[in-house]
Amino acid sequence: MRKAQGSWEKRILKSLNSMCTELNIPLAQKRPANEQKELLNKWNEMGTDEPDLSLFRPVYAPKDFLEVLMNLRNPNYENGEQPSFRNHLGLIQVPLKVKDIPELKEGFSELGLNIGQLGIDDSAQVPPEFFENEHVRVGQKVLAEQDSAAAQQYVRQGCPTALRADLWALILNISNQPEDILYYEQLKSNVIQHNLLVDSLIYKDVKLTASNDDYYFVFEDYLYQVLLCFSRDTSVLEHFAYSSATPPKSYIQGKLGMEEYAVYYPPNGVIPFHGFSMYVAPLCFLYHEPSKLYQIFREMYVRFFFRLHSISSHPSGIVSLCLLFETLLQTHLPQLFYHLREIGAQPLRISFKWMVRAFSGYLATDQLLLLWDRILGYNSLEILAVLAAAVFAFRAVNLMEVTSLAAAEAVLADLSTLKVMPLLQIFLFATVT
Amino acid sequence: MAGKVKWVTDIEKSVLINNFEKRGWIQVAENEDWNFYWMSVQTIRNVFSVETGYRLSDDQIVNHFPNHYELTRKDLMVKNIKRYRKELEKEGSPLAEKDENGKYIYLDFVPVTFMLPADYNLFVEEFRKNPSSTWIMKPCGKAQGKGIFLINKLSQIKKWSRDSKTSSFVSQSSKEAYVISLYINNPLLIGGKKFDLRLYVLVSTYRPLRCYMYKLGFCRFCTVKYTPSTSELDNMFVHLTNVAIQKHGDDYNHIHGGKWTVSNLRLYLESTRGKEVTNKLFDEIHWIIVQSLKAVAVNASPSLTSSTANDRILKYNLINDTLNIAVPNGEIPDCKWNKSPPKEVLGNYEVLYDEEMAQSDGTDRDLRGRPGQSTGVKGSRARDSGKPVLTTWK
């Protein structure tokens, strides 16, 4: 896994460096004084800037990453050892251990049919006395006592919209102290003083994704304020201690290969890819104070999101999620799985982008937030794979009738009307296996 | 088996025509026997004008009340609301209660407004009390943001001064009539941008008042960051949210058209400001709508031009639900038919106010009841607003 991650990183860095050479733009350079002043004035409305981004391309898109994952092979692996895997017909060919439905039911027991959920039991037809009122009361108590562990348990049943921002902050241990605000201001001044090549990649990504989104276009300016600072935040490097990835390095001009002149590039070690800004966008619905928004995003990234774009064997890593998705589908909807495979529409080809983005930009915002409640509550990303499988199960009838990958994509193109909690509940607890 | 509804329209919009056709209604010409006529504003004027008008028969429905312009023309709307408030005051209605500063507690929803040139001197007096204030000038008879501008100096509206030697005879005619209101320069901003609300209200009968609000209203955002700075007073992209104006700005996006659904707004406000404040906001919005309708009898002439694909779908569904309520069961209209439509036909409308129900069983109604439909598409559920007005909002 490490080897694969290493070579993937090399590819990305090579792509970045060649873009740099082609366009004759340095990876980093100091801004002249007048440019600094201008940027400072425009800090709250960088969205109105129209730099020429036509020559920049995203360093990679999720589908490029999927190609890499599909080609992962373990040279030590002896096929006979795991008979169940011998029959695996999906794209992932690495036999990682993933949970089956009984294990998932146990792990996600709070999503069971007998337990109240926000996203189900707060709908218009249900009187609030049944569940909602009491749940809100408990949430307020948890906040009053500032009990982070209790909060994590609590949000498994969903957050009331008015309490969500505070509950997430409590779970992520974000308190926005003066020193945190100061740190953010420091990052901001780094942005003003130095121009990084990745800044253009960030601009381009925001313009291509969030600016065109029905929900998130409003927050375009906040996204720049968060992501430009994020690139310069060296504290993010700490997460590499528990990641299979290593931060890319670059060398001061003319000192190639000399370790004393190596720097991490970008400073936070994370090269953004197409869709990266969508990790931040939903958070803008909760936090409108820039430094708090920033810290929440950073913490979400170093706890969860980094696993979605690096190669590892962690159960919440993207490889495991892909395998979990494929296994659930093949085991519980074998007819659908075989049919899609036959027509050249391997299910993972469609669901991969949902999982890499943690469904941001695919679900309606209120549904997405209910989903992310459970990511925080269970401290795991496995729910993304379960939801992906549940979506296929939900649209199975239509999918059985399609005869091409394009048609399958069309059936699954619009997830904006889906209600995630009923889908998850039915798939886990109400489907005959 | 009743015959099919015969329809006419002089507005060539697919969102209308598709809806008529899918119901199997029959298109006829204006001079033939028709049941349902979706009229443009000009036609309405003719139908209801004293000289050229004619009486509708019992099986005919049109899409505007005769005096709709009482609410759509800004000067008339202001006049009506001011008159309504005075009437309530005279009756001793608790709604007209004022606070210790003389401000209406429940009916203070129109900013200080004057008619120009008629009230020019009154305006000057008010202006001088707050010389640093900004005011917004809106022409009475125009829509879609046309002709609106901001001022912060008296010299900018010299034309409307009655004493002015430069005022020509033309400016005294009603065509050049303007209303001038105190500009609210601390609006709620989201993402640093100003926005307004486009809500659809259907008034099916005026006496008794029965009105419905479409749950899928939307917010329209300015594309440029809001700044109260005076240097940007001329920049209409900052201050006006009409799509017609925003469409020509550099940053206008044709995929989403700078719009949010009202449920997005609610989600955002609940998440960042809390539930009580958000509920209060929406209650007050509903209140203003009902009171405005009571002050006068009307509706508006909404734009049926669709700017994006989503927009087209929204307006198609809006007209669909509207027709289901206005022409129930696709039956030929009968003006004696006066029952409230059952919940199932409301579609994405919810009852905003039903005067009959409010008066007949105010105490029996379950105040915590919710509308039968959930919103379904993209959002959190709507609040029930079919509660008796007085007891809830007082």
# chains A, B, ... in the order shown; residues from 1 in each chain; ligands from 1
$ select_by_dssp --residues "range 118-205 of chain A" --states "helix (DSSP H, G or I)" --output "ChimeraX atom specification"
/A:132-144,148-157,161-171,178-193,197-205
$ interface_residues --of "chain A" --to "chain B" --cutoff "7 Å" --atoms "only C-alpha atoms" --output "VMD selection string"
chain A and resid 45 123 to 124 161 to 162 164 to 165 212 214 to 215 218 to 219 285 to 287 364 366 416 to 417
$ residues_around --residues "range 227-238 of chain A" --least-positions-apart "5" --cutoff "8 Å" --atoms "only C-alpha atoms" --output "compact mmCIF listing (two decimals) with N, CA and C atoms, in the first residue's frame"
# COMPACT_ATOMS: atom_id res chain seq x y z
N TYR A 184 -5.02 32.04 12.63
CA TYR A 184 -5.68 32.21 11.35
C TYR A 184 -5.25 33.52 10.68
N LEU A 187 -1.97 33.07 9.09
CA LEU A 187 -2.07 32.37 7.80
C LEU A 187 -2.53 33.34 6.72
N LYS A 188 -3.48 34.16 7.10
CA LYS A 188 -3.99 35.14 6.14
C LYS A 188 -2.86 36.04 5.65
N ASN A 190 0.23 35.28 5.51
CA ASN A 190 1.07 34.49 4.60
C ASN A 190 0.51 34.50 3.19
N VAL A 191 -0.81 34.40 3.11
CA VAL A 191 -1.45 34.42 1.79
C VAL A 191 -1.17 35.74 1.09
N VAL A 198 -0.37 26.61 -6.27
CA VAL A 198 -1.61 25.89 -5.91
C VAL A 198 -2.78 26.84 -5.72
N ASP A 199 -2.48 28.12 -5.46
CA ASP A 199 -3.58 29.09 -5.33
C ASP A 199 -4.43 29.08 -6.60
N ILE A 202 -6.62 26.18 -6.68
CA ILE A 202 -7.76 26.35 -5.78
C ILE A 202 -8.82 27.22 -6.43
N PRO A 247 4.18 14.06 2.60
CA PRO A 247 3.98 15.33 1.92
C PRO A 247 5.01 15.50 0.80
N PRO A 266 2.72 21.94 -1.34
CA PRO A 266 2.57 23.24 -0.65
C PRO A 266 2.89 23.10 0.83
N PRO A 267 3.01 24.18 1.54
CA PRO A 267 3.43 24.12 2.94
C PRO A 267 2.64 23.14 3.79
N ASN A 268 1.38 22.90 3.46
CA ASN A 268 0.61 21.96 4.29
C ASN A 268 0.71 20.53 3.76
N GLY A 269 1.43 20.35 2.66
CA GLY A 269 1.65 19.00 2.14
C GLY A 269 0.47 18.41 1.40
N VAL A 270 -0.57 19.19 1.15
CA VAL A 270 -1.77 18.65 0.50
C VAL A 270 -1.98 19.33 -0.84
N SER A 277 -12.64 21.62 -3.01
CA SER A 277 -13.34 22.70 -2.31
C SER A 277 -14.70 22.25 -1.79
N TYR A 294 -12.61 27.91 9.39
CA TYR A 294 -11.33 27.36 9.02
C TYR A 294 -10.91 26.20 9.92
N ARG A 298 -10.31 22.31 8.95
CA ARG A 298 -9.00 21.70 9.11
C ARG A 298 -9.09 20.42 9.93
N VAL A 302 -8.10 16.59 8.77
CA VAL A 302 -7.07 15.72 9.34
C VAL A 302 -7.65 14.52 10.08
$ residues_around --residues "Ser244 in chain A" --least-positions-apart "6" --cutoff "8 Å" --atoms "only C-alpha atoms" --output "list in words"
Met1, Arg2, Gln5, Ser310, Ile311 and Ser312 of chain A
$ residues_around --residues "Leu405 in chain A" --least-positions-apart "3" --cutoff "8 Å" --atoms "only C-alpha atoms" --output "list in words"
Leu340, Ile343, Gly344, Ala345, Ala408 and Glu409 of chain A
$ closest_residue --among "B:Ile180, B:Leu76, B:Val351, B:Ile61" --to "Val112 in chain B" --atoms "only C-alpha atoms"
B:Ile180
$ atom_distance --atom1 "CA of Ile313 in chain B" --atom2 "CA of Asp196 in chain B"
20.8 Å
$ residues_around --residues "Tyr60 in chain A" --least-positions-apart "3" --cutoff "7 Å" --atoms "only C-alpha atoms" --output "list in words"
Asp64, Phe273 and His274 of chain A
$ write_last_selection --atoms "C-alpha atoms" --output "mmCIF file, in the first residue's frame"
data_model
loop_
_atom_site.group_PDB
_atom_site.id
_atom_site.type_symbol
_atom_site.label_atom_id
_atom_site.label_comp_id
_atom_site.auth_asym_id
_atom_site.auth_seq_id
_atom_site.Cartn_x
_atom_site.Cartn_y
_atom_site.Cartn_z
ATOM 1 C CA ASP A 64 -7.677 9.243 -12.348
ATOM 2 C CA PHE A 273 -7.576 17.907 -6.675
ATOM 3 C CA HIS A 274 -10.725 18.510 -8.671
#
$ residues_around --residues "Lys42 in chain A" --least-positions-apart "4" --cutoff "12 Å" --atoms "only C-alpha atoms" --output "PyMOL selection string"
(chain A and resi 35-38+46-49+192+221+224-225) or (chain B and resi 224-225)
$ write_last_selection --atoms "N, CA, C and O atoms" --output "compact mmCIF listing (two decimals), in the first residue's frame"
# COMPACT_ATOMS: atom_id res chain seq x y z
N GLU A 35 0.61 44.53 -5.03
CA GLU A 35 -0.29 43.38 -5.19
C GLU A 35 -0.80 42.91 -3.83
O GLU A 35 -1.95 42.52 -3.67
N GLN A 36 0.10 43.01 -2.84
CA GLN A 36 -0.30 42.61 -1.48
C GLN A 36 -1.44 43.48 -1.00
O GLN A 36 -2.42 43.01 -0.44
N LYS A 37 -1.28 44.79 -1.25
CA LYS A 37 -2.28 45.75 -0.78
C LYS A 37 -3.62 45.45 -1.44
O LYS A 37 -4.67 45.44 -0.80
N GLU A 38 -3.54 45.19 -2.74
CA GLU A 38 -4.77 44.94 -3.49
C GLU A 38 -5.49 43.70 -2.97
O GLU A 38 -6.71 43.69 -2.79
N MET A 46 -12.84 37.77 -3.09
CA MET A 46 -11.93 37.25 -4.10
C MET A 46 -12.69 36.58 -5.24
O MET A 46 -12.14 36.36 -6.30
N GLY A 47 -13.93 36.27 -4.99
CA GLY A 47 -14.73 35.64 -6.04
C GLY A 47 -14.94 36.52 -7.25
O GLY A 47 -15.22 36.05 -8.35
N THR A 48 -14.82 37.84 -7.05
CA THR A 48 -15.04 38.73 -8.19
C THR A 48 -13.81 38.86 -9.06
O THR A 48 -13.84 39.40 -10.14
N ASP A 49 -12.71 38.38 -8.56
CA ASP A 49 -11.48 38.37 -9.35
C ASP A 49 -11.62 37.42 -10.51
O ASP A 49 -12.18 36.35 -10.35
N ILE A 192 -1.30 36.82 1.85
CA ILE A 192 -1.10 38.14 1.26
C ILE A 192 0.33 38.29 0.75
O ILE A 192 0.56 38.84 -0.33
N ASP A 221 -16.71 33.20 -1.75
CA ASP A 221 -15.61 33.97 -1.16
C ASP A 221 -15.04 33.31 0.09
O ASP A 221 -13.84 33.34 0.32
N TYR A 224 -12.38 30.61 -0.75
CA TYR A 224 -11.01 31.07 -0.98
C TYR A 224 -10.33 31.37 0.34
O TYR A 224 -9.18 31.01 0.57
N GLN A 225 -11.07 32.05 1.22
CA GLN A 225 -10.46 32.44 2.49
C GLN A 225 -10.01 31.23 3.29
O GLN A 225 -9.03 31.29 4.01
N VAL B 224 -22.60 40.83 -6.42
CA VAL B 224 -21.44 41.53 -5.87
C VAL B 224 -21.62 41.69 -4.37
O VAL B 224 -22.72 41.83 -3.89
N LYS B 225 -20.52 41.69 -3.65
CA LYS B 225 -20.58 41.86 -2.21
C LYS B 225 -21.28 43.16 -1.84
O LYS B 225 -21.05 44.20 -2.45
$ closest_residue --among "A:Thr365, A:Ser404, A:Asn398, A:Ser54" --to "Tyr216 in chain A" --atoms "only C-alpha atoms"
A:Thr365
$ select_by_dssp --residues "range 187-350 of chain A" --states "strand (DSSP E or B)" --output "count of residues only"
9
$ closest_residue --among "A:Val126, A:Leu13, A:Leu418, A:Leu329" --to "His88 in chain A" --atoms "only C-alpha atoms"
A:Leu329
